[in-house]
file entry.csv (CSV, C-alpha atoms)
chain,number,residue,atom,x,y,z
F,18,MET,CA,1.7,91.3,3.0
F,19,GLN,CA,-1.0,91.4,0.3
F,20,ALA,CA,-4.7,91.2,1.0
F,21,LEU,CA,-6.6,88.7,-1.1
F,22,GLU,CA,-9.9,88.2,0.5
F,23,LYS,CA,-12.2,89.9,3.0
F,24,THR,CA,-15.3,88.6,4.5
F,25,HIS,CA,-17.9,90.0,6.8
F,26,ASP,CA,-20.3,87.4,8.2
F,27,PRO,CA,-22.2,88.1,11.4
F,28,ALA,CA,-21.9,84.4,12.3
F,29,LYS,CA,-18.1,84.3,11.8
F,30,GLY,CA,-17.2,87.9,12.6
F,31,ASN,CA,-14.9,90.2,10.6
F,32,ILE,CA,-12.1,88.2,9.1
F,33,LEU,CA,-9.2,89.2,6.9
F,34,SER,CA,-7.4,86.7,4.7
F,35,LEU,CA,-3.9,87.8,3.9
F,36,TYR,CA,-0.9,86.4,1.9
F,37,THR,CA,2.4,86.6,3.8
F,38,VAL,CA,5.9,85.2,3.1
F,39,ASN,CA,4.9,82.3,5.3
F,40,GLY,CA,1.7,81.6,3.5
F,41,ARG,CA,-1.9,82.7,4.0
F,42,ILE,CA,-3.1,83.8,7.4
F,43,LYS,CA,-6.5,84.9,8.7
F,44,CYS,CA,-7.0,87.5,11.4
F,45,GLY,CA,-9.9,89.5,12.8
F,46,PHE,CA,-10.4,93.2,12.3
F,47,LYS,CA,-12.7,95.9,13.6
F,48,THR,CA,-14.9,98.3,11.6
F,49,GLY,CA,-17.1,101.1,12.7
F,50,PHE,CA,-20.7,101.7,11.6
F,51,PHE,CA,-19.5,104.4,9.1
F,52,GLN,CA,-17.2,101.9,7.3
F,53,LEU,CA,-19.8,99.1,7.3
F,54,GLU,CA,-22.3,101.4,5.5
F,55,TYR,CA,-19.7,101.8,2.7
F,56,LEU,CA,-18.9,98.1,2.6
F,57,LYS,CA,-22.5,97.1,2.1
F,58,ASP,CA,-23.0,98.3,-1.5
F,59,SER,CA,-19.3,98.7,-2.6
F,60,VAL,CA,-16.8,96.5,-4.4
F,61,VAL,CA,-13.3,96.1,-2.9
F,62,LYS,CA,-10.8,97.0,-5.6
F,63,GLU,CA,-7.4,97.4,-3.8
F,64,ALA,CA,-6.2,97.2,-0.2
F,65,GLU,CA,-3.1,97.9,1.8
F,66,LEU,CA,-2.0,96.8,5.3
F,67,ILE,CA,0.0,99.5,7.1
F,68,ARG,CA,1.4,99.9,10.6
F,69,LYS,CA,1.2,103.1,12.6
F,70,GLY,CA,3.1,102.7,15.9
F,71,LYS,CA,1.9,99.5,17.5
F,72,ARG,CA,-1.4,99.4,15.6
F,73,TRP,CA,-2.2,97.9,12.2
F,74,PHE,CA,-4.6,99.5,9.7
F,75,PHE,CA,-6.2,98.0,6.6
F,76,ASN,CA,-6.8,100.7,4.0
F,77,VAL,CA,-9.3,99.7,1.3
F,78,VAL,CA,-10.1,101.3,-2.0
F,79,LEU,CA,-13.8,100.8,-2.8
F,80,ASP,CA,-15.8,101.1,-6.1
F,81,ILE,CA,-18.9,102.9,-4.9
F,82,PRO,CA,-22.0,103.0,-7.2
F,83,ASP,CA,-22.8,106.4,-8.6
F,84,VAL,CA,-25.7,108.3,-7.1
F,85,PRO,CA,-28.1,109.8,-9.6
F,86,ILE,CA,-28.0,113.6,-9.6
F,87,LYS,CA,-31.2,115.3,-8.5
F,88,LYS,CA,-33.3,116.9,-11.2
F,89,GLU,CA,-35.6,118.9,-8.9
F,90,GLY,CA,-34.9,120.9,-5.8
F,91,THR,CA,-33.6,124.1,-4.4
F,92,ILE,CA,-30.2,125.8,-4.8
F,93,ILE,CA,-27.8,127.0,-2.1
F,94,ALA,CA,-24.5,129.0,-2.5
F,95,ILE,CA,-21.4,129.1,-0.3
F,96,ASP,CA,-19.2,132.1,0.3
F,97,VAL,CA,-15.8,131.2,1.8
F,98,GLY,CA,-13.4,133.4,3.8
F,99,GLU,CA,-11.2,133.4,6.8
F,100,ASN,CA,-13.1,135.3,9.5
F,101,ASN,CA,-16.1,133.1,8.6
F,102,ILE,CA,-14.8,130.0,6.9
F,103,ALA,CA,-18.1,129.4,5.1
F,104,THR,CA,-21.4,131.2,4.9
F,105,THR,CA,-24.5,129.7,3.1
F,106,SER,CA,-27.1,131.7,1.2
F,107,ASN,CA,-29.6,130.5,3.9
F,108,GLY,CA,-27.7,132.4,6.5
F,109,THR,CA,-25.7,129.6,8.2
F,110,ILE,CA,-22.3,130.9,9.3
F,111,HIS,CA,-19.3,128.6,10.1
F,112,GLY,CA,-17.0,130.9,12.0
F,113,GLY,CA,-13.3,130.8,11.8
F,114,GLY,CA,-12.3,132.8,14.9
F,115,LYS,CA,-11.0,129.8,17.0
F,116,LEU,CA,-9.1,128.3,14.0
F,117,ARG,CA,-7.6,131.7,13.2
F,118,HIS,CA,-6.4,132.1,16.8
F,119,GLU,CA,-4.8,128.6,16.8
F,120,ARG,CA,-3.1,129.3,13.5
F,121,ASP,CA,-1.7,132.5,14.8
F,122,LYS,CA,-0.1,130.5,17.6
F,123,PHE,CA,1.4,128.1,15.1
F,124,LEU,CA,2.7,131.1,13.1
F,125,GLU,CA,4.4,132.6,16.1
F,126,ARG,CA,6.0,129.4,17.1
F,127,ARG,CA,7.1,128.7,13.5
F,128,GLY,CA,8.8,132.1,13.3
F,129,LYS,CA,10.8,131.4,16.5
F,130,LEU,CA,11.9,127.9,15.2
F,131,GLN,CA,12.9,129.3,11.8
F,132,SER,CA,15.0,132.0,13.4
F,133,ASN,CA,16.7,129.4,15.6
F,134,GLY,CA,17.9,127.3,12.7
F,135,SER,CA,19.2,124.3,14.7
F,136,GLN,CA,18.6,120.7,13.7
F,137,SER,CA,16.2,120.1,16.6
F,138,ALA,CA,14.3,123.3,15.7
F,139,ARG,CA,13.9,122.0,12.1
F,140,ARG,CA,12.6,118.7,13.4
F,141,CYS,CA,10.1,120.5,15.6
F,142,LEU,CA,9.1,122.8,12.8
F,143,LYS,CA,8.3,119.7,10.6
F,144,ARG,CA,6.3,118.2,13.4
F,145,ILE,CA,4.1,121.2,14.2
F,146,SER,CA,3.6,121.8,10.5
F,147,GLY,CA,2.1,118.4,10.2
F,148,ILE,CA,-0.1,119.0,13.3
F,149,GLU,CA,-1.4,122.3,11.8
F,150,ARG,CA,-2.1,120.7,8.4
F,151,ARG,CA,-4.1,117.8,10.0
F,152,HIS,CA,-6.1,120.3,12.1
F,153,VAL,CA,-7.0,122.3,9.0
F,154,LYS,CA,-8.0,119.2,7.1
F,155,LYS,CA,-10.2,118.0,10.0
F,156,THR,CA,-11.9,121.4,10.2
F,157,ASN,CA,-12.6,121.3,6.4
F,158,HIS,CA,-14.1,117.9,6.8
F,159,ILE,CA,-16.4,119.0,9.6
F,160,ILE,CA,-17.6,122.1,7.8
F,161,SER,CA,-18.1,120.4,4.4
F,162,LYS,CA,-20.1,117.7,6.1
F,163,ALA,CA,-22.3,120.4,7.8
F,164,ILE,CA,-22.8,122.2,4.5
F,165,VAL,CA,-23.9,119.1,2.6
F,166,LYS,CA,-26.2,118.1,5.5
F,167,GLU,CA,-27.9,121.5,5.3
F,168,ALA,CA,-28.2,121.1,1.5
F,169,VAL,CA,-29.9,117.7,2.0
F,170,GLU,CA,-32.3,119.2,4.6
F,171,LYS,CA,-33.2,122.0,2.2
F,172,ASP,CA,-33.8,119.5,-0.6
F,173,ALA,CA,-31.1,121.1,-2.7
F,174,LYS,CA,-30.2,119.8,-6.1
F,175,VAL,CA,-27.2,122.2,-6.6
F,176,ILE,CA,-24.5,123.7,-4.4
F,177,VAL,CA,-22.9,126.9,-5.9
F,178,LEU,CA,-19.2,127.5,-5.1
F,179,GLU,CA,-17.0,130.3,-6.2
F,180,LYS,CA,-14.0,129.9,-8.5
F,181,LEU,CA,-10.9,130.5,-6.5
F,182,THR,CA,-8.6,131.2,-9.5
F,183,ASN,CA,-5.8,133.7,-8.4
F,184,ILE,CA,-7.4,134.2,-5.0
F,185,ARG,CA,-4.0,134.3,-3.3
F,186,LYS,CA,-2.8,137.0,-5.7
F,187,ARG,CA,-5.7,139.1,-4.5
F,188,ILE,CA,-4.9,138.8,-0.8
F,189,LYS,CA,-3.9,142.1,0.7
F,190,GLY,CA,-2.7,142.9,4.2
F,191,LYS,CA,0.3,142.8,6.4
F,192,LYS,CA,2.9,140.0,6.2
F,193,ARG,CA,1.4,138.1,9.2
F,194,ILE,CA,-2.1,138.1,7.6
F,195,ARG,CA,-0.7,137.1,4.1
F,196,SER,CA,1.3,134.3,5.6
F,197,ARG,CA,-1.8,132.9,7.5
F,198,LEU,CA,-4.1,133.2,4.5
F,199,HIS,CA,-1.6,131.7,2.0
F,200,ARG,CA,-1.7,128.5,4.2
F,201,TRP,CA,-5.5,128.3,4.3
F,202,SER,CA,-6.8,125.5,2.0
F,203,TRP,CA,-10.1,126.9,0.5
F,204,TYR,CA,-9.7,124.6,-2.5
F,205,GLU,CA,-9.6,121.6,-0.2
F,206,LEU,CA,-12.8,122.6,1.5
F,207,GLN,CA,-14.5,123.0,-1.8
F,208,GLN,CA,-13.3,119.6,-2.9
F,209,PHE,CA,-14.6,118.0,0.3
F,210,VAL,CA,-18.0,119.7,-0.3
F,211,GLU,CA,-18.0,118.5,-3.9
F,212,TYR,CA,-17.4,114.8,-3.3
F,213,LYS,CA,-19.7,114.7,-0.3
F,214,ALA,CA,-22.5,116.4,-2.3
F,215,GLN,CA,-22.2,114.1,-5.2
F,216,ALA,CA,-22.4,111.1,-2.9
F,217,CYS,CA,-25.9,112.5,-1.9
F,218,GLY,CA,-27.0,113.2,-5.5
F,219,ILE,CA,-26.3,116.9,-5.4
F,220,ASP,CA,-24.6,118.7,-8.2
F,221,VAL,CA,-21.9,121.4,-7.7
F,222,VAL,CA,-21.3,124.3,-10.0
F,223,TYR,CA,-18.6,127.0,-9.9
F,224,VAL,CA,-19.2,130.7,-10.8
F,225,ASN,CA,-17.0,133.7,-11.1
F,226,PRO,CA,-17.2,135.6,-7.8
F,227,ALA,CA,-16.3,139.0,-9.3
F,228,TYR,CA,-18.1,141.9,-7.5
F,229,THR,CA,-20.2,139.5,-5.4
F,230,SER,CA,-18.8,141.0,-2.2
F,231,GLN,CA,-19.3,144.6,-3.4
F,232,THR,CA,-22.8,144.3,-4.9
F,233,CYS,CA,-26.1,144.6,-3.0
F,234,SER,CA,-28.0,141.4,-3.2
F,235,LYS,CA,-31.3,143.3,-3.0
F,236,CYS,CA,-31.0,146.0,-5.6
F,237,ASP,CA,-27.8,145.0,-7.5
F,238,CYS,CA,-26.1,148.3,-6.8
F,239,LEU,CA,-22.6,148.8,-5.6
F,240,GLY,CA,-22.3,149.2,-1.8
F,241,SER,CA,-19.7,149.4,0.9
F,242,ARG,CA,-18.4,146.6,3.1
F,243,HIS,CA,-16.8,146.9,6.5
F,244,LYS,CA,-15.8,143.7,8.2
F,245,HIS,CA,-19.1,141.8,8.7
F,246,LEU,CA,-21.4,144.7,7.7
F,247,PHE,CA,-22.5,145.5,4.1
F,248,LYS,CA,-24.3,148.8,3.5
F,249,CYS,CA,-26.1,149.8,0.4
F,250,SER,CA,-26.7,153.6,0.0
F,251,ASN,CA,-29.1,153.0,-2.9
F,252,CYS,CA,-31.8,150.9,-1.1
F,253,VAL,CA,-30.5,151.8,2.4
F,254,SER,CA,-30.2,148.2,3.5
F,255,TYR,CA,-27.9,146.6,6.0
F,256,GLN,CA,-26.8,143.0,5.6
F,257,HIS,CA,-24.2,140.5,6.9
F,258,SER,CA,-21.5,140.9,4.3
F,259,ASP,CA,-20.7,137.2,3.9
F,260,ARG,CA,-24.4,136.3,3.5
F,261,ASN,CA,-24.8,139.1,1.0
F,262,ALA,CA,-22.0,137.7,-1.1
F,263,ALA,CA,-23.5,134.2,-0.8
F,264,ILE,CA,-26.9,135.4,-2.1
F,265,ASN,CA,-25.1,137.0,-5.0
F,266,LEU,CA,-23.4,133.7,-5.7
F,267,LEU,CA,-26.8,132.1,-5.5
F,268,LYS,CA,-28.1,134.4,-8.2
F,269,LEU,CA,-25.2,133.6,-10.5
F,270,GLY,CA,-25.7,129.9,-9.8
F,271,GLU,CA,-29.4,130.1,-10.7
F,272,SER,CA,-28.5,131.7,-14.0
F,273,VAL,CA,-26.0,128.9,-14.8
F,274,VAL,CA,-28.5,126.2,-13.9
F,275,SER,CA,-31.3,127.8,-16.0
F,276,SER,CA,-28.9,128.8,-18.8
F,277,THR,CA,-30.5,132.3,-19.0
F,278,ALA,CA,-27.4,134.4,-18.4
F,279,PRO,CA,-23.6,134.2,-18.8
F,280,VAL,CA,-21.7,133.4,-15.7
F,281,ASN,CA,-18.9,136.0,-15.9
F,282,VAL,CA,-21.1,139.2,-16.2
F,283,PRO,CA,-20.9,141.1,-12.9
F,284,MET,CA,-24.3,142.0,-11.4
F,285,VAL,CA,-23.6,145.8,-11.3
F,286,MET,CA,-26.0,148.5,-12.4
F,287,ALA,CA,-25.3,152.2,-12.7
F,288,VAL,CA,-26.3,154.4,-9.8
call {"tool": "encode", "arguments": {"input": "entry.csv", "output": "structure tokens"}}
result
Amino acid sequence: MQALEKTHDPAKGNILSLYTVNGRIKCGFKTGFFQLEYLKDSVVKEAELIRKGKRWFFNVVLDIPDVPIKKEGTIIAIDVGENNIATTSNGTIHGGGKLRHERDKFLERRGKLQSNGSQSARRCLKRISGIERRHVKKTNHIISKAIVKEAVEKDAKVIVLEKLTNIRKRIKGKKRIRSRLHRWSWYELQQFVEYKAQACGIDVVYVNPAYTSQTCSKCDCLGSRHKHLFKCSNCVSYQHSDRNAAINLLKLGESVVSSTAPVNVPMVMAV
């Protein structure tokens, strides 16, 4: 089937007009409030009718008008990790403990299935891998939506994210930890944040995160980090390690936006 026409008229209801091998047919369809908001100001470009189980879905590609990027406003930065999936420079923490526990269970079951090696075990392995991937994607959508919502509430014009180049090469730890971290999609989370932010008129910039987790955000000296605690021996301050890194990213982002300093220069001063 090929979709040719779609109408939404409160008097007639939702109607799809489709070409089939037996000619054109018209059928009703249901949309949620979220989809209707997109359909109001968008142009339908392409569409595909697909079947999942006993249900039919109509996937539509929309041409959405660009939202002007804000010229005035604040800036917030996001530090990503596994223990805390995302931490904003305002201090909002999106924890990852529950997700980490669930992924550990997936990892344990995956190991048993891989050691089994039977055909049924391979089918089960493929199935649970899909479940895990969809769960991570859903989590990334929820967190990215919350981040952009906070940015809107804080009247932000820019969200600062860290460049993740070679992040997997920098991962250290035991085999179990490396395996879990290598399957985490930080890039996907950032992509979700980027397109949701741009839909709200908020720009996104990427900065080099070098030394941001080792530098004190108050005095710019090197400090020590242990799990969630960052300690600076120079100014004798104690901070949450992830928020400290997010504030350092914020400083770098501000320098990029104002074009007053290069991005790749670490904020480290001699002690």
call {"tool": "closest_residue", "arguments": {"input": "entry.csv", "among": "F:Ser161, F:Thr48, F:Asn107, F:Asn100", "to": "Asn76 of chain F", "atoms": "all atoms listed in the file"}}
result
F:Thr48
call {"tool": "closest_residue", "arguments": {"input": "entry.csv", "among": "F:Leu269, F:Ile176, F:Ile67, F:Cys233", "to": "His257 of chain F", "atoms": "all atoms listed in the file"}}
result
F:Cys233
call {"tool": "residues_around", "arguments": {"input": "entry.csv", "residues": "Cys44 of chain F", "least_positions_apart": "4", "cutoff": "7 Å", "atoms": "only C-alpha atoms", "output": "ChimeraX atom specification"}}
result
/F:32-34
call {"tool": "write_last_selection", "arguments": {"input": "entry.csv", "atoms": "C-alpha atoms", "output": "short mmCIF file (atom, residue, chain, number, x, y, z; two decimals), keeping the file's coordinate frame"}}
result
data_model
loop_
_atom_site.label_atom_id
_atom_site.label_comp_id
_atom_site.auth_asym_id
_atom_site.auth_seq_id
_atom_site.Cartn_x
_atom_site.Cartn_y
_atom_site.Cartn_z
CA ILE F 32 -12.10 88.20 9.10
CA LEU F 33 -9.20 89.20 6.90
CA SER F 34 -7.40 86.70 4.70
#
call {"tool": "residues_around", "arguments": {"input": "entry.csv", "residues": "Ile264 of chain F", "least_positions_apart": "6", "cutoff": "7 Å", "atoms": "only C-alpha atoms", "output": "VMD selection string"}}
result
chain F and resid 94 106 234
call {"tool": "atom_distance", "arguments": {"input": "entry.csv", "atom1": "atom CA of Glu179 of chain F", "atom2": "atom CA of Lys213 of chain F"}}
result
16.9 Å
call {"tool": "atom_distance", "arguments": {"input": "entry.csv", "atom1": "atom CA of His245 of chain F", "atom2": "atom CA of Tyr228 of chain F"}}
result
16.2 Å
call {"tool": "atom_distance", "arguments": {"input": "entry.csv", "atom1": "atom CA of Gln215 of chain F", "atom2": "atom CA of Val153 of chain F"}}
result
22.4 Å
call {"tool": "residues_around", "arguments": {"input": "entry.csv", "residues": "Asp259 of chain F", "least_positions_apart": "4", "cutoff": "7 Å", "atoms": "all atoms listed in the file", "output": "list in words"}}
result
Asp96, Thr104, His245 and Ala263 of chain F
call {"tool": "closest_residue", "arguments": {"input": "entry.csv", "among": "F:Thr229, F:Thr91, F:Ser258, F:Ser272", "to": "His243 of chain F", "atoms": "only C-alpha atoms"}}
result
F:Ser258
call {"tool": "closest_residue", "arguments": {"input": "entry.csv", "among": "F:Gly40, F:Thr105, F:Leu53, F:Gly98", "to": "Lys244 of chain F", "atoms": "all atoms listed in the file"}}
result
F:Gly98
call {"tool": "residues_around", "arguments": {"input": "entry.csv", "residues": "Tyr204 of chain F", "least_positions_apart": "3", "cutoff": "10 Å", "atoms": "all atoms listed in the file", "output": "list of chain:residue names"}}
result
F:Val97, F:Asn157, F:Glu179, F:Lys180, F:Leu181, F:Thr182, F:Trp201, F:Gln207, F:Gln208, F:Phe209, F:Val210
call {"tool": "closest_residue", "arguments": {"input": "entry.csv", "among": "F:Leu246, F:Ile110, F:Ile92, F:Ile164", "to": "Ser275 of chain F", "atoms": "all atoms listed in the file"}}
result
F:Ile92
